[in-house]
file target_15.cif (mmCIF, C-alpha atoms and all ligand atoms)
data_coords
loop_
_atom_site.label_atom_id
_atom_site.label_comp_id
_atom_site.auth_asym_id
_atom_site.auth_seq_id
_atom_site.Cartn_x
_atom_site.Cartn_y
_atom_site.Cartn_z
CA MET X 1 11.88 -11.71 -14.31
CA THR X 2 15.09 -11.23 -16.21
CA SER X 3 17.22 -9.52 -13.57
CA THR X 4 19.91 -11.29 -11.65
CA ALA X 5 21.57 -10.45 -8.37
CA ALA X 6 23.96 -8.26 -10.37
CA ALA X 7 21.23 -5.99 -11.76
CA ARG X 8 22.14 -2.30 -11.89
CA ALA X 9 19.32 -1.43 -9.56
CA GLU X 10 16.24 -3.42 -8.61
CA ILE X 11 13.35 -4.00 -6.26
CA VAL X 12 13.45 -7.43 -4.66
CA VAL X 13 10.11 -8.54 -3.21
CA ASP X 14 9.94 -11.47 -0.81
CA LEU X 15 6.62 -13.20 -1.42
CA ALA X 16 7.17 -15.48 1.56
CA ALA X 17 7.10 -12.33 3.70
CA ILE X 18 3.78 -11.30 2.14
CA ARG X 19 2.28 -14.73 2.82
CA HIS X 20 3.62 -14.62 6.38
CA ASN X 21 2.15 -11.15 7.01
CA VAL X 22 -1.25 -12.01 5.56
CA SER X 23 -1.32 -15.17 7.70
CA ARG X 24 -0.41 -13.19 10.83
CA LEU X 25 -3.19 -10.69 10.15
CA ARG X 26 -5.59 -13.56 9.48
CA GLU X 27 -4.72 -15.14 12.83
CA LEU X 28 -5.19 -11.80 14.56
CA VAL X 29 -8.74 -11.26 13.30
CA GLY X 30 -9.84 -14.88 13.58
CA PRO X 31 -12.02 -17.06 11.39
CA ASP X 32 -15.21 -14.98 11.57
CA VAL X 33 -13.71 -11.95 9.85
CA ALA X 34 -12.93 -12.05 6.13
CA MET X 35 -9.56 -10.75 4.96
CA MET X 36 -9.18 -8.32 2.09
CA THR X 37 -5.62 -7.68 0.96
CA VAL X 38 -5.36 -4.26 -0.68
CA VAL X 39 -3.21 -4.48 -3.81
CA LYS X 40 -3.88 -1.07 -5.42
CA ALA X 41 -1.06 1.02 -6.93
CA ASP X 42 0.76 -2.08 -8.17
CA GLY X 43 0.59 -3.69 -4.78
CA TYR X 44 2.03 -0.60 -3.05
CA GLY X 45 4.97 -0.91 -5.45
CA HIS X 46 5.48 -4.64 -4.78
CA GLY X 47 3.85 -5.96 -7.99
CA MET X 48 0.07 -6.32 -7.94
CA VAL X 49 -0.35 -9.70 -9.60
CA GLU X 50 2.40 -11.47 -7.65
CA VAL X 51 1.20 -9.98 -4.34
CA ALA X 52 -2.38 -10.97 -5.16
CA ARG X 53 -1.32 -14.56 -5.75
CA ALA X 54 0.65 -14.66 -2.49
CA ALA X 55 -2.29 -13.14 -0.58
CA ARG X 56 -4.68 -15.75 -1.98
CA GLN X 57 -2.25 -18.52 -0.98
CA ALA X 58 -2.25 -17.12 2.55
CA GLY X 59 -6.05 -17.19 2.73
CA SER X 60 -7.26 -13.76 1.61
CA GLU X 61 -10.86 -14.14 0.47
CA TRP X 62 -10.84 -10.63 -0.99
CA LEU X 63 -8.54 -8.32 -2.93
CA GLY X 64 -9.06 -4.55 -2.87
CA VAL X 65 -8.14 -2.13 -5.63
CA ALA X 66 -8.85 1.51 -6.39
CA THR X 67 -9.46 1.44 -10.13
CA LEU X 68 -11.37 -0.73 -12.57
CA ASP X 69 -8.20 -1.15 -14.65
CA GLU X 70 -6.55 -2.73 -11.62
CA ALA X 71 -9.54 -5.02 -11.05
CA MET X 72 -9.57 -6.12 -14.69
CA ALA X 73 -5.80 -6.71 -14.63
CA LEU X 74 -6.35 -9.15 -11.74
CA ARG X 75 -8.93 -11.03 -13.80
CA GLU X 76 -6.64 -11.04 -16.85
CA ALA X 77 -3.92 -12.53 -14.65
CA GLY X 78 -6.32 -15.36 -13.82
CA ASP X 79 -7.55 -14.37 -10.37
CA PRO X 80 -11.10 -15.75 -10.06
CA GLY X 81 -11.85 -14.61 -6.49
CA ARG X 82 -13.70 -11.75 -4.90
CA VAL X 83 -12.37 -8.29 -5.80
CA LEU X 84 -13.68 -4.91 -4.60
CA CYS X 85 -12.99 -1.74 -6.57
CA TRP X 86 -13.70 1.68 -5.07
CA LEU X 87 -12.88 4.61 -7.29
CA ALA X 88 -14.80 5.40 -10.46
CA VAL X 89 -15.65 8.39 -12.62
CA PRO X 90 -18.61 8.73 -15.01
CA GLY X 91 -18.23 6.72 -18.20
CA GLU X 92 -16.33 3.78 -16.71
CA GLU X 93 -16.59 0.43 -18.52
CA TYR X 94 -18.93 -1.04 -15.94
CA ALA X 95 -20.33 -3.74 -18.22
CA ALA X 96 -17.00 -5.54 -18.51
CA ALA X 97 -16.38 -5.27 -14.78
CA VAL X 98 -19.87 -6.60 -13.97
CA ALA X 99 -19.38 -9.50 -16.39
CA ALA X 100 -16.05 -10.19 -14.66
CA GLY X 101 -17.81 -10.40 -11.28
CA ILE X 102 -16.03 -7.42 -9.74
CA ASP X 103 -17.74 -5.82 -6.73
CA LEU X 104 -18.19 -2.14 -7.58
CA THR X 105 -18.60 0.72 -5.14
CA ALA X 106 -21.32 3.35 -5.45
CA TYR X 107 -21.43 6.68 -3.62
CA THR X 108 -24.40 8.32 -5.36
CA VAL X 109 -27.79 7.72 -6.98
CA ALA X 110 -26.24 8.61 -10.35
CA GLU X 111 -23.56 5.94 -9.94
CA LEU X 112 -26.14 3.34 -8.93
CA ASP X 113 -28.10 4.15 -12.08
CA GLU X 114 -25.06 4.07 -14.29
CA ILE X 115 -24.10 0.65 -12.94
CA ALA X 116 -27.66 -0.71 -13.16
CA GLU X 117 -28.01 0.54 -16.74
CA SER X 118 -24.66 -0.82 -17.91
CA GLY X 119 -26.48 -3.90 -19.23
CA GLY X 120 -25.78 -7.59 -18.93
CA GLU X 121 -25.68 -9.39 -15.64
CA ARG X 122 -26.78 -8.27 -12.23
CA ALA X 123 -24.03 -6.10 -10.77
CA ARG X 124 -22.53 -6.66 -7.34
CA VAL X 125 -22.43 -3.26 -5.65
CA GLN X 126 -21.19 -2.10 -2.29
CA LEU X 127 -22.34 1.21 -0.85
CA LYS X 128 -19.67 3.49 0.52
CA VAL X 129 -20.72 5.98 3.17
CA ASP X 130 -18.76 8.99 4.30
CA THR X 131 -18.61 8.76 8.10
CA GLY X 132 -16.18 11.63 8.56
CA LEU X 133 -13.13 11.21 6.33
CA THR X 134 -14.77 13.72 3.99
CA ARG X 135 -13.35 12.12 0.89
CA GLY X 136 -15.34 9.64 -1.20
CA GLY X 137 -18.63 8.09 -0.13
CA ALA X 138 -22.23 9.18 0.30
CA ALA X 139 -22.51 12.29 2.43
CA ARG X 140 -24.58 11.69 5.56
CA ALA X 141 -27.43 13.92 4.34
CA ASP X 142 -27.68 11.73 1.21
CA TRP X 143 -27.74 8.33 2.94
CA PRO X 144 -31.56 8.03 2.94
CA ALA X 145 -31.87 8.82 -0.77
CA VAL X 146 -28.92 6.71 -1.87
CA PHE X 147 -29.96 3.76 0.29
CA ALA X 148 -33.62 3.95 -0.76
CA HIS X 149 -32.56 3.96 -4.41
CA ALA X 150 -30.19 1.05 -3.87
CA ALA X 151 -32.94 -0.93 -2.12
CA GLU X 152 -35.33 -0.21 -4.98
CA LEU X 153 -32.85 -1.34 -7.65
CA GLU X 154 -32.08 -4.46 -5.65
CA GLN X 155 -35.77 -5.33 -5.22
CA ALA X 156 -36.26 -4.79 -8.96
CA GLY X 157 -33.52 -7.35 -9.58
CA ARG X 158 -31.21 -4.81 -11.22
CA LEU X 159 -28.27 -5.28 -8.87
CA ASP X 160 -27.22 -6.89 -5.60
CA ILE X 161 -26.09 -4.77 -2.69
CA THR X 162 -23.27 -6.97 -1.35
CA GLY X 163 -21.73 -4.62 1.16
CA ILE X 164 -21.74 -1.36 3.02
CA TRP X 165 -18.49 0.25 4.06
CA SER X 166 -16.56 3.31 5.09
CA HIS X 167 -12.99 4.44 5.73
CA PHE X 168 -11.27 6.04 8.74
CA ALA X 169 -9.56 9.42 8.80
CA ALA X 170 -7.21 8.84 11.73
CA SER X 171 -6.98 5.14 12.51
CA ASP X 172 -3.22 5.53 12.98
CA GLU X 173 -4.01 7.80 15.97
CA PRO X 174 -6.15 5.47 18.10
CA GLU X 175 -6.95 8.19 20.66
CA HIS X 176 -8.25 10.59 17.98
CA PRO X 177 -11.94 11.39 18.66
CA ALA X 178 -12.80 10.91 14.97
CA ASN X 179 -12.46 7.13 15.39
CA ASP X 180 -15.32 6.75 17.88
CA ALA X 181 -17.46 9.20 15.92
CA GLN X 182 -16.88 7.38 12.65
CA GLU X 183 -17.56 3.95 14.09
CA ALA X 184 -20.83 5.23 15.62
CA ALA X 185 -21.84 6.84 12.32
CA PHE X 186 -21.06 3.62 10.49
CA ARG X 187 -23.30 1.63 12.83
CA GLU X 188 -26.10 4.11 12.08
CA ALA X 189 -25.57 3.65 8.35
CA VAL X 190 -25.77 -0.14 8.69
CA ALA X 191 -28.97 0.17 10.73
CA LEU X 192 -30.50 2.49 8.14
CA ALA X 193 -29.67 0.08 5.31
CA GLU X 194 -31.34 -2.71 7.27
CA GLU X 195 -34.42 -0.58 7.93
CA LEU X 196 -34.75 -0.12 4.19
CA GLY X 197 -34.73 -3.86 3.67
CA MET X 198 -31.14 -4.39 2.56
CA ARG X 199 -29.12 -7.22 4.06
CA PRO X 200 -25.62 -6.52 2.78
CA GLU X 201 -23.43 -9.56 3.37
CA LEU X 202 -20.39 -7.42 4.19
CA ARG X 203 -19.89 -4.54 6.59
CA HIS X 204 -16.38 -3.10 6.73
CA LEU X 205 -14.55 -0.10 8.07
CA ALA X 206 -11.03 -1.09 9.11
CA ASN X 207 -7.77 -0.56 7.23
CA SER X 208 -4.50 -2.00 8.63
CA ALA X 209 -4.21 0.38 11.59
CA ALA X 210 -7.82 -0.13 12.70
CA THR X 211 -7.59 -3.88 12.14
CA ILE X 212 -4.72 -4.03 14.61
CA LEU X 213 -5.62 -1.25 17.05
CA ARG X 214 -9.44 -1.21 17.08
CA PRO X 215 -11.02 -4.66 17.22
CA SER X 216 -14.52 -3.14 17.49
CA ALA X 217 -14.11 -1.82 13.95
CA ARG X 218 -13.42 -5.18 12.31
CA PHE X 219 -17.10 -6.02 11.61
CA ASN X 220 -17.02 -8.98 9.21
CA LEU X 221 -14.22 -7.95 6.88
CA VAL X 222 -10.97 -5.99 7.21
CA ARG X 223 -9.08 -4.24 4.42
CA CYS X 224 -5.37 -4.62 5.04
CA GLY X 225 -2.90 -2.86 2.80
CA ILE X 226 0.34 -1.63 4.35
CA ALA X 227 0.57 -4.27 7.10
CA SER X 228 0.39 -7.02 4.45
CA TYR X 229 3.63 -5.61 3.07
CA GLY X 230 5.21 -5.81 6.52
CA LEU X 231 5.22 -2.09 7.25
CA ASP X 232 3.86 -0.52 10.40
CA PRO X 233 0.58 1.36 9.83
CA ALA X 234 0.96 3.36 13.04
CA PRO X 235 4.67 3.58 13.89
CA GLY X 236 5.32 3.55 17.60
CA ARG X 237 1.75 2.50 18.44
CA THR X 238 1.46 -0.96 16.97
CA PRO X 239 2.17 -4.04 19.09
CA ASP X 240 4.85 -6.31 17.64
CA LEU X 241 3.04 -8.76 15.38
CA GLY X 242 6.23 -10.09 13.80
CA LEU X 243 5.42 -8.60 10.41
CA VAL X 244 8.29 -8.77 7.90
CA PRO X 245 8.91 -5.96 5.37
CA ALA X 246 8.72 -7.59 1.95
CA MET X 247 10.58 -5.00 -0.14
CA THR X 248 14.31 -4.53 -0.56
CA VAL X 249 15.67 -1.91 -2.94
CA ARG X 250 19.26 -2.55 -3.97
CA ALA X 251 21.78 -1.45 -6.56
CA SER X 252 25.27 -2.36 -7.72
CA LEU X 253 27.86 0.31 -6.93
CA ALA X 254 28.90 2.04 -10.19
CA MET X 255 32.25 3.41 -8.93
CA SER X 256 34.18 4.48 -5.86
CA LYS X 257 36.92 7.09 -5.60
CA GLN X 258 39.00 9.35 -3.41
CA ILE X 259 37.95 12.96 -2.88
CA ALA X 260 39.67 15.78 -1.01
CA ILE X 261 38.52 18.05 1.79
CA GLY X 262 36.68 21.00 0.25
CA ASP X 263 35.39 19.10 -2.80
CA GLY X 264 31.71 19.88 -3.54
CA VAL X 265 29.52 16.84 -4.21
CA SER X 266 26.72 16.52 -6.82
CA TYR X 267 24.55 19.30 -8.27
CA GLY X 268 24.73 22.61 -6.48
CA HIS X 269 27.49 21.37 -4.18
CA THR X 270 25.05 21.08 -1.30
CA TRP X 271 27.64 18.95 0.52
CA ILE X 272 31.29 19.95 0.74
CA ALA X 273 33.72 17.30 1.96
CA ASP X 274 34.70 18.17 5.53
CA ARG X 275 37.70 15.83 5.33
CA ASP X 276 39.55 13.76 2.77
CA THR X 277 37.26 10.80 2.16
CA THR X 278 36.02 8.36 -0.45
CA VAL X 279 32.66 8.39 -2.22
CA GLY X 280 30.61 5.90 -4.21
CA VAL X 281 28.20 6.39 -7.09
CA VAL X 282 24.86 4.56 -6.75
CA PRO X 283 23.10 4.09 -10.12
CA ALA X 284 19.54 4.99 -9.11
CA GLY X 285 17.90 8.39 -8.76
CA TYR X 286 14.57 10.12 -8.88
CA GLY X 287 14.02 8.42 -12.26
CA GLU X 288 13.75 5.26 -10.13
CA GLY X 289 11.59 6.98 -7.54
CA VAL X 290 14.41 7.62 -5.07
CA PRO X 291 13.10 10.85 -3.54
CA ARG X 292 15.21 13.86 -4.50
CA ALA X 293 14.53 15.13 -0.99
CA ALA X 294 16.74 12.28 0.33
CA GLY X 295 19.84 14.29 -0.56
CA ASN X 296 21.96 14.76 2.59
CA LEU X 297 19.22 13.05 4.67
CA ALA X 298 18.94 9.29 4.13
CA SER X 299 21.58 6.57 4.22
CA VAL X 300 22.19 3.22 2.55
CA TRP X 301 23.98 -0.03 3.47
CA VAL X 302 27.33 -1.06 1.95
CA ASP X 303 29.74 -3.64 3.37
CA ASP X 304 27.91 -3.90 6.69
CA ARG X 305 27.85 -0.18 7.38
CA ARG X 306 25.48 2.75 7.03
CA ARG X 307 26.69 5.21 4.38
CA ALA X 308 25.25 8.71 4.20
CA ILE X 309 23.89 10.14 0.97
CA ARG X 310 25.97 13.24 0.17
CA GLY X 311 24.63 16.09 -1.93
CA ARG X 312 21.59 16.00 -4.16
CA VAL X 313 19.94 12.89 -5.53
CA CYS X 314 20.07 13.22 -9.36
CA MET X 315 17.75 11.70 -11.97
CA ASP X 316 19.86 8.56 -12.50
CA GLN X 317 22.30 8.40 -9.61
CA PHE X 318 23.41 9.68 -6.23
CA VAL X 319 26.64 9.82 -4.23
CA ILE X 320 27.38 8.22 -0.86
CA ASP X 321 30.16 8.80 1.66
CA LEU X 322 32.33 5.68 1.93
CA ASP X 323 34.47 7.07 4.78
CA GLY X 324 37.79 6.00 3.32
CA ASP X 325 36.68 2.58 2.05
CA LEU X 326 37.02 1.78 -1.65
CA PRO X 327 34.66 -1.12 -2.36
CA PRO X 328 34.93 -2.25 -5.99
CA PRO X 329 32.29 -1.41 -8.59
CA GLY X 330 29.53 -4.00 -8.42
CA THR X 331 29.47 -4.04 -4.62
CA ASP X 332 25.95 -4.47 -3.26
CA VAL X 333 24.22 -1.29 -2.08
CA VAL X 334 20.98 -1.71 -0.12
CA LEU X 335 18.85 1.44 -0.04
CA PHE X 336 16.33 -0.12 2.29
CA GLY X 337 15.14 -3.57 3.26
CA PRO X 338 13.61 -5.51 6.14
CA GLY X 339 16.31 -4.19 8.49
CA ASP X 340 17.35 -7.57 9.87
CA ARG X 341 20.98 -7.18 8.78
CA GLY X 342 21.24 -3.57 9.91
CA GLU X 343 20.23 -1.95 6.66
CA PRO X 344 17.87 1.05 6.72
CA THR X 345 14.14 0.34 6.43
CA ALA X 346 11.43 2.08 4.43
CA GLN X 347 10.22 3.36 7.80
CA GLU X 348 13.59 5.03 8.43
CA TRP X 349 13.56 6.61 4.98
CA ALA X 350 10.04 7.87 5.67
CA GLU X 351 11.12 9.44 8.97
CA ALA X 352 14.19 11.06 7.37
CA LEU X 353 12.00 12.55 4.64
CA ASP X 354 9.05 13.55 6.83
CA THR X 355 6.63 11.24 5.04
CA ILE X 356 5.06 7.80 5.60
CA ASN X 357 6.38 4.35 4.70
CA TYR X 358 3.47 3.96 2.23
CA GLU X 359 4.91 6.70 0.03
CA ILE X 360 8.45 5.32 0.10
CA VAL X 361 7.53 1.84 -1.17
CA THR X 362 4.79 2.95 -3.57
CA ARG X 363 6.88 5.57 -5.36
CA VAL X 364 9.98 3.46 -6.07
CA GLY X 365 9.79 2.07 -9.58
CA GLY X 366 10.61 3.88 -12.79
CA ARG X 367 13.47 2.02 -14.42
CA LEU X 368 13.95 -0.40 -11.52
CA ALA X 369 13.53 -4.04 -12.40
CA ARG X 370 11.35 -5.96 -9.96
CA ARG X 371 12.32 -9.47 -8.90
CA HIS X 372 10.14 -11.76 -6.77
CA VAL X 373 11.79 -14.25 -4.44
CA ASN X 374 10.73 -16.59 -1.65
CA ARG X 375 13.12 -16.40 1.27
CA GLU X 376 12.99 -19.58 3.28
CA ASP X 377 13.11 -18.08 6.72
CA SER X 378 10.39 -15.45 6.70
C1 LIG F 401 -5.69 2.01 0.62
C2 LIG F 401 -6.94 1.68 1.32
C3 LIG F 401 -6.94 0.70 2.35
C4 LIG F 401 -5.70 0.07 2.90
O1 LIG F 401 -5.15 0.93 3.87
P1 LIG F 401 -3.88 0.51 4.72
O2 LIG F 401 -3.71 1.62 5.66
O3 LIG F 401 -2.75 0.40 3.73
O4 LIG F 401 -4.19 -0.78 5.34
C5 LIG F 401 -8.17 0.34 2.87
N1 LIG F 401 -9.31 0.91 2.45
C6 LIG F 401 -9.33 1.88 1.50
C7 LIG F 401 -10.60 2.48 1.09
C8 LIG F 401 -8.15 2.30 0.92
O5 LIG F 401 -8.16 3.27 0.00
#

call {"tool": "encode", "arguments": {"input": "target_15.cif", "output": "structure tokens"}}
result
Amino acid sequence: MTSTAAARAEIVVDLAAIRHNVSRLRELVGPDVAMMTVVKADGYGHGMVEVARAARQAGSEWLGVATLDEAMALREAGDPGRVLCWLAVPGEEYAAAVAAGIDLTAYTVAELDEIAESGGERARVQLKVDTGLTRGGAARADWPAVFAHAAELEQAGRLDITGIWSHFAASDEPEHPANDAQEAAFREAVALAEELGMRPELRHLANSAATILRPSARFNLVRCGIASYGLDPAPGRTPDLGLVPAMTVRASLAMSKQIAIGDGVSYGHTWIADRDTTVGVVPAGYGEGVPRAAGNLASVWVDDRRRAIRGRVCMDQFVIDLDGDLPPPGTDVVLFGPGDRGEPTAQEWAEALDTINYEIVTRVGGRLARRHVNREDS
């Protein structure tokens, strides 16, 4: 990309960290379980195509995306491997996706028909069953009808049922009773599909948290998103796997200056200086996906110290407390990173803002440039 280390504000993504994380997860599940790296939502904000390439290099047999546009963008970028897509609405361009060899997901008889009638080659279709998340997927009462229809279309040579899968509601809470119930329901769904004559090659249920915390749910493929990016899917519950956060968000300080006790800072003066101090202007705001809610809550890293955000985060900028220091404009400001030098992490931002690390990394973007690097040591 065009940015340099002096960019106003940018996302720096360490692809060596992604490869390292995917390899660690691969080692954890062993050779009999296929690895799907989930790269939806622009690779959780890390850049879908670059992450996909790194995941393939680290041995991911599969990539997972939500939308057909994402799946087609992977093909346009030259990825020839297995890709599963799981969220469609009526009227999707199935024909192009089928021709491109994308595995589609069907929840209903109507979707199976729409895919089968899209023309051209035999579609690869995976059946998604709702085992208790109560989001997408065939409702339990509809399994017999959906499965029977899928088996019929497969026997008629109209499509291939390549997988059957489901998704957990609470895999980040391993003691939650929904996990056992969902795994049991999933086993019933697999048995029913087999009774109806289907032999789907893939059976999968686990996202990152379940992959790590619930080996019984790995079946023969796992779908790892957040852990591939080096973030903890179940903070406080995950054993240390040596995963490395791949994303750093940094900016160049726009200015620093003296302020006096009693001065109100940023819109609405929600912070009033409680002493004479110095402040810095960071040129990134909610237009870059820095949450406005971070005002007076999160902190950043400048000159080897944590610096508190003071007052509201604006559209283009926010203000930090420099505690008497006056670093020159251009000084490096790290909003969050892997944490190995002491800087805040996406996990810390998530805790400060009462959200999850997924949202922190996925929402940053806007005007931020994204730069991909390969750090030697990760
Ligand atoms: C996003 C997603 C995943 C990945 O979840 P992580 O918790 O990030 O590992 C897996 N499966 C489905 C269906 C998803 O939507």

call {"tool": "residues_near_ligand", "arguments": {"input": "target_15.cif", "ligand": "ligand LIG 401 (chain F)", "cutoff": "9 Å", "atoms": "all atoms listed in the file", "output": "ChimeraX atom specification"}}
result
/X:36-41,44,64-66,86-87,136,165-168,171-172,205-211,222-229,233-234,358

call {"tool": "atom_distance", "arguments": {"input": "target_15.cif", "atom1": "CA of Gly280 in chain X", "atom2": "CA of Arg375 in chain X"}}
result
28.9 Å

call {"tool": "residues_around", "arguments": {"input": "target_15.cif", "residues": "range 141-147 of chain X", "least_positions_apart": "5", "cutoff": "8 Å", "atoms": "all atoms listed in the file", "output": "JSON, numbers by chain"}}
result
{"X": [107, 108, 109, 129, 189, 192, 193, 196]}

call {"tool": "write_last_selection", "arguments": {"input": "target_15.cif", "atoms": "C-alpha atoms", "output": "CSV table (one decimal), in the frame of the given file"}}
result
chain,number,residue,atom,x,y,z
X,107,TYR,CA,-21.4,6.7,-3.6
X,108,THR,CA,-24.4,8.3,-5.4
X,109,VAL,CA,-27.8,7.7,-7.0
X,129,VAL,CA,-20.7,6.0,3.2
X,189,ALA,CA,-25.6,3.6,8.4
X,192,LEU,CA,-30.5,2.5,8.1
X,193,ALA,CA,-29.7,0.1,5.3
X,196,LEU,CA,-34.8,-0.1,4.2

call {"tool": "residues_around", "arguments": {"input": "target_15.cif", "residues": "range 239-245 of chain X", "least_positions_apart": "2", "cutoff": "6 Å", "atoms": "only C-alpha atoms", "output": "count of residues only"}}
result
7

call {"tool": "closest_atom_pairs", "arguments": {"input": "target_15.cif", "of": "range 45-69 of chain X", "to": "range 32-35 of chain X", "cutoff": "7 Å", "atoms": "only C-alpha atoms", "output": "tab-separated table"}}
result
residue	atom	partner	partner_atom	distance
X:Ser60	CA	X:Met35	CA	5.1
X:Glu61	CA	X:Met35	CA	5.8
X:Trp62	CA	X:Met35	CA	6.1

call {"tool": "residues_around", "arguments": {"input": "target_15.cif", "residues": "range 308-314 of chain X", "least_positions_apart": "5", "cutoff": "8 Å", "atoms": "only C-alpha atoms", "output": "VMD selection string"}}
result
chain X and resid 265 to 271 285 to 286 290 to 300 319 to 321

call {"tool": "residues_around", "arguments": {"input": "target_15.cif", "residues": "Ala100 in chain X", "least_positions_apart": "2", "cutoff": "10 Å", "atoms": "only C-alpha atoms", "output": "number ranges by chain"}}
result
X: 71-72, 75-76, 80, 83, 94-98, 102-103, 121, 123

call {"tool": "residues_near_point", "arguments": {"input": "target_15.cif", "point": "(-26.6, 1.4, -8.2)", "cutoff": "8 Å", "atoms": "all atoms listed in the file", "output": "VMD selection string"}}
result
chain X and resid 106 108 to 116 125 149 to 150 153 159

call {"tool": "write_last_selection", "arguments": {"input": "target_15.cif", "atoms": "C-alpha atoms", "output": "mmCIF file, in the coordinates of the input"}}
result
data_model
loop_
_atom_site.group_PDB
_atom_site.id
_atom_site.type_symbol
_atom_site.label_atom_id
_atom_site.label_comp_id
_atom_site.auth_asym_id
_atom_site.auth_seq_id
_atom_site.Cartn_x
_atom_site.Cartn_y
_atom_site.Cartn_z
ATOM 1 C CA ALA X 106 -21.320 3.350 -5.450
ATOM 2 C CA THR X 108 -24.400 8.320 -5.360
ATOM 3 C CA VAL X 109 -27.790 7.720 -6.980
ATOM 4 C CA ALA X 110 -26.240 8.610 -10.350
ATOM 5 C CA GLU X 111 -23.560 5.940 -9.940
ATOM 6 C CA LEU X 112 -26.140 3.340 -8.930
ATOM 7 C CA ASP X 113 -28.100 4.150 -12.080
ATOM 8 C CA GLU X 114 -25.060 4.070 -14.290
ATOM 9 C CA ILE X 115 -24.100 0.650 -12.940
ATOM 10 C CA ALA X 116 -27.660 -0.710 -13.160
ATOM 11 C CA VAL X 125 -22.430 -3.260 -5.650
ATOM 12 C CA HIS X 149 -32.560 3.960 -4.410
ATOM 13 C CA ALA X 150 -30.190 1.050 -3.870
ATOM 14 C CA LEU X 153 -32.850 -1.340 -7.650
ATOM 15 C CA LEU X 159 -28.270 -5.280 -8.870
#

call {"tool": "closest_residue", "arguments": {"input": "target_15.cif", "among": "X:Glu188, X:Asp332, X:Asp130, X:Glu117", "to": "Arg8 in chain X", "atoms": "only C-alpha atoms"}}
result
X:Asp332

call {"tool": "residues_near_point", "arguments": {"input": "target_15.cif", "point": "(14.0, -7.2, -7.2)", "cutoff": "9 Å", "atoms": "only C-alpha atoms", "output": "list of chain:residue names"}}
result
X:Met1, X:Ser3, X:Thr4, X:Ala5, X:Ala7, X:Ala9, X:Glu10, X:Ile11, X:Val12, X:Val13, X:Asp14, X:Met247, X:Thr248, X:Val249, X:Arg250, X:Leu368, X:Ala369, X:Arg370, X:Arg371, X:His372, X:Val373

call {"tool": "closest_residue", "arguments": {"input": "target_15.cif", "among": "X:Arg82, X:Arg158, X:Arg26, X:Arg218", "to": "Phe186 in chain X", "atoms": "only C-alpha atoms"}}
result
X:Arg218

call {"tool": "closest_residue", "arguments": {"input": "target_15.cif", "among": "X:Gly101, X:Asp304, X:Val29, X:Arg19", "to": "Phe219 in chain X", "atoms": "all atoms listed in the file"}}
result
X:Val29

call {"tool": "closest_residue", "arguments": {"input": "target_15.cif", "among": "X:Gly330, X:Pro283, X:Gly264, X:Gly132", "to": "Ala185 in chain X", "atoms": "all atoms listed in the file"}}
result
X:Gly132

call {"tool": "atom_distance", "arguments": {"input": "target_15.cif", "atom1": "CA of Arg53 in chain X", "atom2": "CA of Gly78 in chain X"}}
result
9.5 Å

call {"tool": "atom_distance", "arguments": {"input": "target_15.cif", "atom1": "CA of Gly365 in chain X", "atom2": "CA of Ala346 in chain X"}}
result
14.1 Å

call {"tool": "residues_around", "arguments": {"input": "target_15.cif", "residues": "Gly262 in chain X", "least_positions_apart": "2", "cutoff": "10 Å", "atoms": "only C-alpha atoms", "output": "ChimeraX atom specification"}}
result
/X:259-260,264-265,271-276

call {"tool": "closest_residue", "arguments": {"input": "target_15.cif", "among": "X:Val281, X:Cys85, X:Leu221, X:Val22", "to": "Leu322 in chain X", "atoms": "all atoms listed in the file"}}
result
X:Val281

call {"tool": "axis_aligned_box", "arguments": {"input": "target_15.cif", "around": "range 287-302 of chain X", "padding_each_side": "3 Å", "output": "lines of an AutoDock Vina configuration file"}}
result
center_x = 19.5
center_y = 7.0
center_z = -3.8
size_x = 21.7
size_y = 22.2
size_z = 22.9

call {"tool": "closest_residue", "arguments": {"input": "target_15.cif", "among": "X:Ala350, X:Ala170, X:Pro328, X:Thr277", "to": "Ile261 in chain X", "atoms": "only C-alpha atoms"}}
result
X:Thr277
